[in-house]
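Beneath this line is the structure, given in structure tokens, with notes to follow.
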Number of protein chains: 2
Amino acid sequence: MNEATAPSRQRAAQRHQPRPKRILVVCAHPEPRSLTAALTAFAVEHLRAAGHEVRVSDLYAMKWKATVDADDFPGHTADRRLRVAAASEQDTLAGRLAPDITAEQEKLLWSDAVILQFPMWWFSAPAILKGWIDRVFTNGFGYGPALPPPYGDGALTGRRALLSVTAGARESAFSDRGIHGRLSDVLHPLQHGLFWFTGMAPLEPFAVYDANELPAERFAAAREAYGRRLDGLFTDEPVPFRPLAGGDYGRDMRLLPDVEAPGTNGLDLHVRPRR
Amino acid sequence: MNEATAPSRQRAAQRHQPRPKRILVVCAHPEPRSLTAALTAFAVEHLRAAGHEVRVSDLYAMKWKATVDADDFPGHTADRRLRVAAASEQDTLAGRLAPDITAEQEKLLWSDAVILQFPMWWFSAPAILKGWIDRVFTNGFGYGPALPPPYGDGALTGRRALLSVTAGARESAFSDRGIHGRLSDVLHPLQHGLFWFTGMAPLEPFAVYDANELPAERFAAAREAYGRRLDGLFTDEPVPFRPLAGGDYGRDMRLLPDVEAPGTNGLDLHVRPRR
């Protein structure tokens, strides 16, 4: 190998090596010996073994404050009525939010992918995780007049997002005809309303069903399935939600007539047909 | 009027007089001067003027603890792994839950109707309200093996439930083709997953759209519209969700084939066609 080609061959080799990615895992369970904690630990180990950098926000361990209030907005004075959206925007743009909020925003900006790991309580995230969303995704950070419009090119564009949930119910109850509602419909506020709204690319959720008192062999199977999903974190096809700015929606934010395949309705309207 | 007919005419008059109802209003906003607080105050005043009894759980004023943890379950010892569903059931049946939880359960049992009043943050309830749901609807109270099966004849059967929400978005964005998703679909986890699951009869949600910086004349209109909904609290038709035990679902909790009108799918599967 002569001097002239060695650096270019090295650069070529580097180009074939995927650059390590940065993943933020946010988990929500009060018990360090829980299934949620075990799946979190597994994800961290699995992703680091693949060469990625991983940070974890263990909300219960952090004693995360779940409730939005005036303490989040140091710029707000108590005599004035607290208008959350306005105070949020003002203090975000002025860079003076409460420090725990700023720390989480920095982790999100650092990340290439975000995983939310939680037990489904009443068909949604535990309150501490909802509180992470409420407090961190401020006006001016998660959305806002100075940012691109939502749904497709938002503040956190270019990142992937995965919901990893555990449920006591059987899979059939969350299937297309299951009484709880199809899992993707139940998780719409997070998949579409949070991830896609802020410009992240949501993957199909990963779920462990029948998760109370999970026997060891089913935990091993769940871990294996989760490992495959983690391997596909940056290569799997995201859910093809329609962008707001793509021409499918009118100025009133309603889907234009006849855009959808005949017979499509409900939340499916907002998903492009998969080819 | 002779003696023999006077008591029966009195009883007949009493039968025509509706008995006063009991309504629990749960509200979630940090600011006492907020729209949420104003709508709550209006509802309380309007319902009391109609002769009903009203109790209010103002979660921020109560400094409601939003996070489920071992402190909720005095029967749980720290050395053991906290299995939330099991600890919840054990302490509910033993009558030894944390006192703030028990107080809310008593209000629910006292009530004939429950109203949740909140600003929609990220297409769902603020964390403090999710925390009221997570902590109050324990295993053994909101559901459980000793209670009727969910969806139609649950623990809180016979009560009506109303979501009263405010949203910054325009109504069109939450319409049938609106990008946020149809409001009833976005609110599915509460309407179907909480209210219907526990046996309450959910009414159509009441919403105030474009609610940031609401001008006085629109607030007056919103109040009038809300007053009409409150007047119908005990007479309006609830959303006709399908009961689990009604014969529409199989043992796997999936809707049986051909139960629905042709072309129905998604979350609409779980609503009986309105006649």
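Residues in the structure tokens are named by chain (A, B, ... in the order shown) and by number from 1 within that chain; ligands are numbered from 1 in the order shown.
Since chain B and chain A are the same sequence, their C-alpha atoms pair in order, and the RMSD after least-squares superposition is 0.1 Å.
Using only C-alpha atoms, the contacts of Arg177 in chain B at a cut-off of 10 Å, with sequence neighbours closer than 3 positions omitted, comprise Tyr249, Met253, Arg254, Leu255, Leu256, Pro257, Asn265, Gly266, Leu267, Leu269 and His270 of chain A; Ser172, Ala173, Phe174, His180, Gly181 and Arg182 of chain B.
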Using DSSP secondary structure from the backbone, list all strand (DSSP E) positions within range 39-188 of chain A, as a list in words.
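Assigned to strand (DSSP E), within range 39-188 of chain A: Glu53, Val54, Arg55, Val56, Ser57, Asp58, Ala113, Val114, Ile115, Leu116, Gln117, Phe118, Pro119, Arg160, Ala161, Leu162, Leu163, Ser164, Val165 and Thr166 of chain A.
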All helix (DSSP H, G or I) residues (DSSP, backbone) inside range 50-106 of chain B, as a tab-separated table (two decimals) with N, CA and C atoms, in the first residue's frame:
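Produced file result-v9.tsv, reproduced below:
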```tsv
chain	number	residue	atom	x	y	z
B	70	ALA	N	-44.11	3.10	46.62
B	70	ALA	CA	-44.33	2.21	47.77
B	70	ALA	C	-45.06	2.92	48.91
B	71	ASP	N	-44.94	4.25	48.98
B	71	ASP	CA	-45.64	4.98	50.05
B	71	ASP	C	-47.16	4.85	49.95
B	72	ASP	N	-47.66	4.50	48.76
B	72	ASP	CA	-49.11	4.34	48.59
B	72	ASP	C	-49.60	3.05	49.25
B	84	VAL	N	-46.81	-3.51	41.56
B	84	VAL	CA	-47.85	-2.51	41.81
B	84	VAL	C	-49.25	-3.10	41.82
B	85	ALA	N	-49.56	-3.93	40.83
B	85	ALA	CA	-50.92	-4.48	40.76
B	85	ALA	C	-51.25	-5.29	42.00
B	86	ALA	N	-50.28	-6.11	42.47
B	86	ALA	CA	-50.52	-6.98	43.62
B	86	ALA	C	-50.62	-6.18	44.92
B	87	ALA	N	-49.69	-5.24	45.12
B	87	ALA	CA	-49.70	-4.44	46.34
B	87	ALA	C	-50.97	-3.61	46.42
B	88	SER	N	-51.35	-3.07	45.27
B	88	SER	CA	-52.55	-2.26	45.12
B	88	SER	C	-53.79	-3.05	45.54
B	89	GLU	N	-53.90	-4.26	45.04
B	89	GLU	CA	-55.07	-5.07	45.36
B	89	GLU	C	-55.09	-5.44	46.83
B	90	GLN	N	-53.95	-5.87	47.33
B	90	GLN	CA	-53.84	-6.30	48.73
B	90	GLN	C	-54.27	-5.18	49.68
B	91	ASP	N	-53.70	-3.98	49.46
B	91	ASP	CA	-53.98	-2.90	50.39
B	91	ASP	C	-55.36	-2.29	50.19
B	92	THR	N	-55.91	-2.39	48.96
B	92	THR	CA	-57.28	-1.93	48.75
B	92	THR	C	-58.24	-2.82	49.52
B	93	LEU	N	-58.07	-4.13	49.37
B	93	LEU	CA	-58.99	-5.07	50.03
B	93	LEU	C	-58.83	-5.02	51.55
B	99	PRO	N	-54.04	7.62	52.94
B	99	PRO	CA	-55.32	8.31	53.20
B	99	PRO	C	-55.79	9.24	52.08
B	100	ASP	N	-54.86	9.83	51.32
B	100	ASP	CA	-55.34	10.72	50.26
B	100	ASP	C	-56.02	9.91	49.16
B	101	ILE	N	-55.58	8.69	48.95
B	101	ILE	CA	-56.21	7.82	47.96
B	101	ILE	C	-57.61	7.42	48.44
B	102	THR	N	-57.71	7.02	49.68
B	102	THR	CA	-58.99	6.59	50.23
B	102	THR	C	-60.02	7.71	50.17
B	103	ALA	N	-59.57	8.93	50.45
B	103	ALA	CA	-60.50	10.06	50.42
B	103	ALA	C	-61.08	10.26	49.01
B	104	GLU	N	-60.24	10.10	47.99
B	104	GLU	CA	-60.74	10.26	46.61
B	104	GLU	C	-61.67	9.11	46.23
B	105	GLN	N	-61.34	7.92	46.68
B	105	GLN	CA	-62.22	6.78	46.40
B	105	GLN	C	-63.59	7.00	47.02
B	106	GLU	N	-63.62	7.55	48.23
B	106	GLU	CA	-64.90	7.82	48.89
B	106	GLU	C	-65.70	8.84	48.10
```
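Taking CA of Leu59 in chain A and CA of Pro119 in chain B as endpoints, the distance between them is 23.5 Å.
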Range 32-38 of chain B: which residues within 10 Å, counting only C-alpha atoms, same-chain residues fewer than 3 positions away excluded, as a ChimeraX atom specification?
/A:80-84 /B:27-29,41-44,58,60-61,117-119,164-166,208,211-214,219,223
Do a neighbour search on range 121-127 of chain B at 9 Å with only C-alpha atoms, toss out local chain neighbours closer than 5 positions, and write the hits as a ChimeraX atom specification.
/A:66-68,124,126-134,188-190,193-194 /B:28-29,66,132,165,167,180,186-187,189-190
So that I can see what lies close to Gly152 in chain A, please list as a list in words the residues with an atom at most 9 Å from it, counting only C-alpha atoms and leaving out residues fewer than 5 positions away in the same chain.
Thr157, Trp196, Phe197, Thr198, Gly199, Met200, Ala201, Phe241, Arg242, Pro243, Leu244, Ala245 and Gly246 of chain A
For each of B:Arg160, B:Lys65, B:Arg218, B:Arg274, take the minimum atom-to-atom distance to chain A, counting only C-alpha atoms, then give the residue where this is smallest.
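Once distances to chain A are computed over only C-alpha atoms, the minimum belongs to B:Lys65.
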Taking only C-alpha atoms into account, name the residue in B:Phe206, B:Phe234, B:Phe141, B:Trp64 that is nearest to chain A.
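Nearest candidate to chain A out of B:Phe206, B:Phe234, B:Phe141, B:Trp64: B:Trp64.
If only C-alpha atoms are the atoms counted, then among B:Gly232, B:Pro240, B:Ala207, B:Gly250 the closest residue to Pro273 in chain B is B:Pro240.
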I'd like to know which of A:Gly140, A:Gly247, A:Pro145, A:Gly178 is closest to chain B, using only C-alpha atoms.
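Of the candidates, the smallest distance to chain B is held by A:Gly178.
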With only C-alpha atoms as the counted atoms, please give the residues lying no more than 8 Å from Ser57 in chain B, apart from itself and same-chain residues fewer than 2 positions off, as a list in words.
Leu24, Val25, Val26, Cys27, Arg55, Leu59 and Met62 of chain B
Kindly export the residues of the current selection with N, CA and C atoms, as an mmCIF file, in the first residue's frame.
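After the write, part-v1.cif holds the following:
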```cif
data_model
loop_
_atom_site.group_PDB
_atom_site.id
_atom_site.type_symbol
_atom_site.label_atom_id
_atom_site.label_comp_id
_atom_site.auth_asym_id
_atom_site.auth_seq_id
_atom_site.Cartn_x
_atom_site.Cartn_y
_atom_site.Cartn_z
ATOM 1 N N LEU B 24 -68.920 14.952 41.377
ATOM 2 C CA LEU B 24 -67.518 15.202 41.727
ATOM 3 C C LEU B 24 -66.852 15.849 40.519
ATOM 4 N N VAL B 25 -66.267 17.031 40.721
ATOM 5 C CA VAL B 25 -65.511 17.707 39.665
ATOM 6 C C VAL B 25 -64.034 17.652 40.041
ATOM 7 N N VAL B 26 -63.218 17.105 39.156
ATOM 8 C CA VAL B 26 -61.776 17.024 39.384
ATOM 9 C C VAL B 26 -61.122 17.959 38.378
ATOM 10 N N CYS B 27 -60.333 18.913 38.850
ATOM 11 C CA CYS B 27 -59.724 19.868 37.922
ATOM 12 C C CYS B 27 -58.211 19.916 38.102
ATOM 13 N N ARG B 55 -68.894 18.339 44.828
ATOM 14 C CA ARG B 55 -67.607 18.339 45.522
ATOM 15 C C ARG B 55 -66.521 18.527 44.464
ATOM 16 N N LEU B 59 -56.722 19.476 42.087
ATOM 17 C CA LEU B 59 -55.516 18.685 42.342
ATOM 18 C C LEU B 59 -54.292 19.534 42.677
ATOM 19 N N MET B 62 -54.616 20.876 46.162
ATOM 20 C CA MET B 62 -54.428 19.787 47.121
ATOM 21 C C MET B 62 -52.974 19.323 47.156
#
```
Give me the residues near Asp231 in chain B as a PDB file with all heavy atoms, in the first residue's frame, where near means some atom within 12 Å (using only C-alpha atoms) and where sequence neighbours in that chain fewer than 3 positions away do not count.
```
ATOM      1  N   LYS B  21     -78.672  15.273  42.631  1.00  0.00           N
ATOM      2  CA  LYS B  21     -77.584  14.376  42.294  1.00  0.00           C
ATOM      3  C   LYS B  21     -76.288  14.874  42.927  1.00  0.00           C
ATOM      4  O   LYS B  21     -76.194  16.023  43.369  1.00  0.00           O
ATOM      5  CB  LYS B  21     -77.414  14.319  40.769  1.00  0.00           C
ATOM      6  CG  LYS B  21     -78.611  13.799  40.023  1.00  0.00           C
ATOM      7  CD  LYS B  21     -78.789  12.301  40.155  1.00  0.00           C
ATOM      8  CE  LYS B  21     -79.786  11.796  39.117  1.00  0.00           C
ATOM      9  NZ  LYS B  21     -79.981  10.351  39.250  1.00  0.00           N
ATOM     10  N   ALA B  43     -69.075  25.480  36.525  1.00  0.00           N
ATOM     11  CA  ALA B  43     -69.783  24.211  36.639  1.00  0.00           C
ATOM     12  C   ALA B  43     -70.327  24.008  38.048  1.00  0.00           C
ATOM     13  O   ALA B  43     -71.482  23.593  38.246  1.00  0.00           O
ATOM     14  CB  ALA B  43     -68.859  23.047  36.262  1.00  0.00           C
ATOM     15  N   HIS B  46     -73.286  26.373  38.548  1.00  0.00           N
ATOM     16  CA  HIS B  46     -74.422  26.001  37.697  1.00  0.00           C
ATOM     17  C   HIS B  46     -75.119  24.764  38.242  1.00  0.00           C
ATOM     18  O   HIS B  46     -76.351  24.690  38.292  1.00  0.00           O
ATOM     19  CB  HIS B  46     -73.908  25.756  36.278  1.00  0.00           C
ATOM     20  CG  HIS B  46     -74.974  25.607  35.250  1.00  0.00           C
ATOM     21  ND1 HIS B  46     -75.495  26.675  34.541  1.00  0.00           N
ATOM     22  CD2 HIS B  46     -75.641  24.517  34.799  1.00  0.00           C
ATOM     23  CE1 HIS B  46     -76.427  26.241  33.694  1.00  0.00           C
ATOM     24  NE2 HIS B  46     -76.543  24.923  33.844  1.00  0.00           N
ATOM     25  N   LEU B  47     -74.322  23.787  38.668  1.00  0.00           N
ATOM     26  CA  LEU B  47     -74.913  22.544  39.178  1.00  0.00           C
ATOM     27  C   LEU B  47     -75.574  22.762  40.538  1.00  0.00           C
ATOM     28  O   LEU B  47     -76.638  22.198  40.815  1.00  0.00           O
ATOM     29  CB  LEU B  47     -73.836  21.457  39.249  1.00  0.00           C
ATOM     30  CG  LEU B  47     -73.306  20.977  37.888  1.00  0.00           C
ATOM     31  CD1 LEU B  47     -72.022  20.169  38.063  1.00  0.00           C
ATOM     32  CD2 LEU B  47     -74.362  20.130  37.168  1.00  0.00           C
ATOM     33  N   ARG B  48     -74.947  23.575  41.388  1.00  0.00           N
ATOM     34  CA  ARG B  48     -75.569  23.849  42.697  1.00  0.00           C
ATOM     35  C   ARG B  48     -76.861  24.644  42.526  1.00  0.00           C
ATOM     36  O   ARG B  48     -77.839  24.393  43.236  1.00  0.00           O
ATOM     37  CB  ARG B  48     -74.589  24.592  43.611  1.00  0.00           C
ATOM     38  CG  ARG B  48     -73.513  23.668  44.171  1.00  0.00           C
ATOM     39  CD  ARG B  48     -72.530  24.371  45.093  1.00  0.00           C
ATOM     40  NE  ARG B  48     -71.532  23.418  45.581  1.00  0.00           N
ATOM     41  CZ  ARG B  48     -70.337  23.772  46.028  1.00  0.00           C
ATOM     42  NH1 ARG B  48     -69.967  25.044  46.045  1.00  0.00           N
ATOM     43  NH2 ARG B  48     -69.489  22.843  46.452  1.00  0.00           N
ATOM     44  N   ALA B  49     -76.862  25.583  41.557  1.00  0.00           N
ATOM     45  CA  ALA B  49     -78.084  26.360  41.299  1.00  0.00           C
ATOM     46  C   ALA B  49     -79.214  25.443  40.836  1.00  0.00           C
ATOM     47  O   ALA B  49     -80.402  25.750  41.046  1.00  0.00           O
ATOM     48  CB  ALA B  49     -77.811  27.435  40.253  1.00  0.00           C
ATOM     49  N   ALA B  50     -78.861  24.315  40.207  1.00  0.00           N
ATOM     50  CA  ALA B  50     -79.879  23.347  39.780  1.00  0.00           C
ATOM     51  C   ALA B  50     -80.284  22.415  40.917  1.00  0.00           C
ATOM     52  O   ALA B  50     -81.081  21.503  40.722  1.00  0.00           O
ATOM     53  CB  ALA B  50     -79.354  22.529  38.594  1.00  0.00           C
ATOM     54  N   GLY B  51     -79.709  22.627  42.092  1.00  0.00           N
ATOM     55  CA  GLY B  51     -80.118  21.852  43.259  1.00  0.00           C
ATOM     56  C   GLY B  51     -79.252  20.645  43.564  1.00  0.00           C
ATOM     57  O   GLY B  51     -79.580  19.861  44.458  1.00  0.00           O
ATOM     58  N   HIS B  52     -78.153  20.481  42.825  1.00  0.00           N
ATOM     59  CA  HIS B  52     -77.313  19.300  43.052  1.00  0.00           C
ATOM     60  C   HIS B  52     -76.244  19.576  44.100  1.00  0.00           C
ATOM     61  O   HIS B  52     -75.956  20.727  44.425  1.00  0.00           O
ATOM     62  CB  HIS B  52     -76.625  18.890  41.746  1.00  0.00           C
ATOM     63  CG  HIS B  52     -77.592  18.575  40.648  1.00  0.00           C
ATOM     64  ND1 HIS B  52     -78.605  17.637  40.773  1.00  0.00           N
ATOM     65  CD2 HIS B  52     -77.708  19.086  39.389  1.00  0.00           C
ATOM     66  CE1 HIS B  52     -79.293  17.582  39.651  1.00  0.00           C
ATOM     67  NE2 HIS B  52     -78.781  18.453  38.788  1.00  0.00           N
ATOM     68  N   GLU B 224     -71.900  29.273  28.090  1.00  0.00           N
ATOM     69  CA  GLU B 224     -73.291  28.963  27.744  1.00  0.00           C
ATOM     70  C   GLU B 224     -73.394  27.538  27.196  1.00  0.00           C
ATOM     71  O   GLU B 224     -74.294  26.771  27.572  1.00  0.00           O
ATOM     72  CB  GLU B 224     -73.759  29.966  26.688  1.00  0.00           C
ATOM     73  CG  GLU B 224     -75.245  30.173  26.678  1.00  0.00           C
ATOM     74  CD  GLU B 224     -75.652  31.129  25.579  1.00  0.00           C
ATOM     75  OE1 GLU B 224     -75.083  32.259  25.549  1.00  0.00           O
ATOM     76  OE2 GLU B 224     -76.502  30.737  24.753  1.00  0.00           O
ATOM     77  N   ALA B 225     -72.470  27.199  26.320  1.00  0.00           N
ATOM     78  CA  ALA B 225     -72.479  25.853  25.750  1.00  0.00           C
ATOM     79  C   ALA B 225     -72.239  24.809  26.839  1.00  0.00           C
ATOM     80  O   ALA B 225     -72.873  23.748  26.863  1.00  0.00           O
ATOM     81  CB  ALA B 225     -71.401  25.741  24.669  1.00  0.00           C
ATOM     82  N   TYR B 226     -71.339  25.117  27.747  1.00  0.00           N
ATOM     83  CA  TYR B 226     -71.041  24.184  28.833  1.00  0.00           C
ATOM     84  C   TYR B 226     -72.254  24.027  29.750  1.00  0.00           C
ATOM     85  O   TYR B 226     -72.590  22.931  30.201  1.00  0.00           O
ATOM     86  CB  TYR B 226     -69.814  24.679  29.609  1.00  0.00           C
ATOM     87  CG  TYR B 226     -69.223  23.687  30.594  1.00  0.00           C
ATOM     88  CD1 TYR B 226     -69.406  22.313  30.449  1.00  0.00           C
ATOM     89  CD2 TYR B 226     -68.463  24.136  31.674  1.00  0.00           C
ATOM     90  CE1 TYR B 226     -68.856  21.417  31.361  1.00  0.00           C
ATOM     91  CE2 TYR B 226     -67.894  23.245  32.579  1.00  0.00           C
ATOM     92  CZ  TYR B 226     -68.101  21.889  32.423  1.00  0.00           C
ATOM     93  OH  TYR B 226     -67.542  21.012  33.316  1.00  0.00           O
ATOM     94  N   GLY B 227     -72.948  25.156  29.991  1.00  0.00           N
ATOM     95  CA  GLY B 227     -74.164  25.103  30.807  1.00  0.00           C
ATOM     96  C   GLY B 227     -75.182  24.133  30.220  1.00  0.00           C
ATOM     97  O   GLY B 227     -75.820  23.364  30.957  1.00  0.00           O
ATOM     98  N   ARG B 228     -75.338  24.154  28.900  1.00  0.00           N
ATOM     99  CA  ARG B 228     -76.291  23.226  28.266  1.00  0.00           C
ATOM    100  C   ARG B 228     -75.843  21.780  28.466  1.00  0.00           C
ATOM    101  O   ARG B 228     -76.667  20.897  28.710  1.00  0.00           O
ATOM    102  CB  ARG B 228     -76.442  23.545  26.784  1.00  0.00           C
ATOM    103  CG  ARG B 228     -77.242  24.823  26.521  1.00  0.00           C
ATOM    104  CD  ARG B 228     -77.671  24.926  25.055  1.00  0.00           C
ATOM    105  NE  ARG B 228     -76.520  25.056  24.164  1.00  0.00           N
ATOM    106  CZ  ARG B 228     -75.940  26.211  23.847  1.00  0.00           C
ATOM    107  NH1 ARG B 228     -76.391  27.349  24.348  1.00  0.00           N
ATOM    108  NH2 ARG B 228     -74.896  26.236  23.027  1.00  0.00           N
ATOM    109  N   PHE B 234     -77.452  14.207  33.248  1.00  0.00           N
ATOM    110  CA  PHE B 234     -78.118  12.964  33.636  1.00  0.00           C
ATOM    111  C   PHE B 234     -79.182  12.503  32.645  1.00  0.00           C
ATOM    112  O   PHE B 234     -79.850  11.492  32.880  1.00  0.00           O
ATOM    113  CB  PHE B 234     -78.724  13.112  35.050  1.00  0.00           C
ATOM    114  CG  PHE B 234     -77.655  13.313  36.083  1.00  0.00           C
ATOM    115  CD1 PHE B 234     -77.366  14.585  36.558  1.00  0.00           C
ATOM    116  CD2 PHE B 234     -76.909  12.247  36.543  1.00  0.00           C
ATOM    117  CE1 PHE B 234     -76.345  14.779  37.489  1.00  0.00           C
ATOM    118  CE2 PHE B 234     -75.891  12.431  37.478  1.00  0.00           C
ATOM    119  CZ  PHE B 234     -75.612  13.703  37.945  1.00  0.00           C
ATOM    120  N   THR B 235     -79.344  13.264  31.555  1.00  0.00           N
ATOM    121  CA  THR B 235     -80.369  12.897  30.580  1.00  0.00           C
ATOM    122  C   THR B 235     -79.824  12.668  29.174  1.00  0.00           C
ATOM    123  O   THR B 235     -80.442  11.956  28.383  1.00  0.00           O
ATOM    124  CB  THR B 235     -81.461  13.997  30.501  1.00  0.00           C
ATOM    125  OG1 THR B 235     -80.815  15.277  30.365  1.00  0.00           O
ATOM    126  CG2 THR B 235     -82.295  14.002  31.789  1.00  0.00           C
ATOM    127  N   ASP B 236     -78.669  13.252  28.839  1.00  0.00           N
ATOM    128  CA  ASP B 236     -78.114  13.047  27.505  1.00  0.00           C
ATOM    129  C   ASP B 236     -77.756  11.572  27.311  1.00  0.00           C
ATOM    130  O   ASP B 236     -77.424  10.855  28.251  1.00  0.00           O
ATOM    131  CB  ASP B 236     -76.853  13.907  27.309  1.00  0.00           C
ATOM    132  CG  ASP B 236     -77.195  15.386  27.105  1.00  0.00           C
ATOM    133  OD1 ASP B 236     -78.386  15.709  26.868  1.00  0.00           O
ATOM    134  OD2 ASP B 236     -76.270  16.216  27.181  1.00  0.00           O
TER     135      ASP B 236
END
```
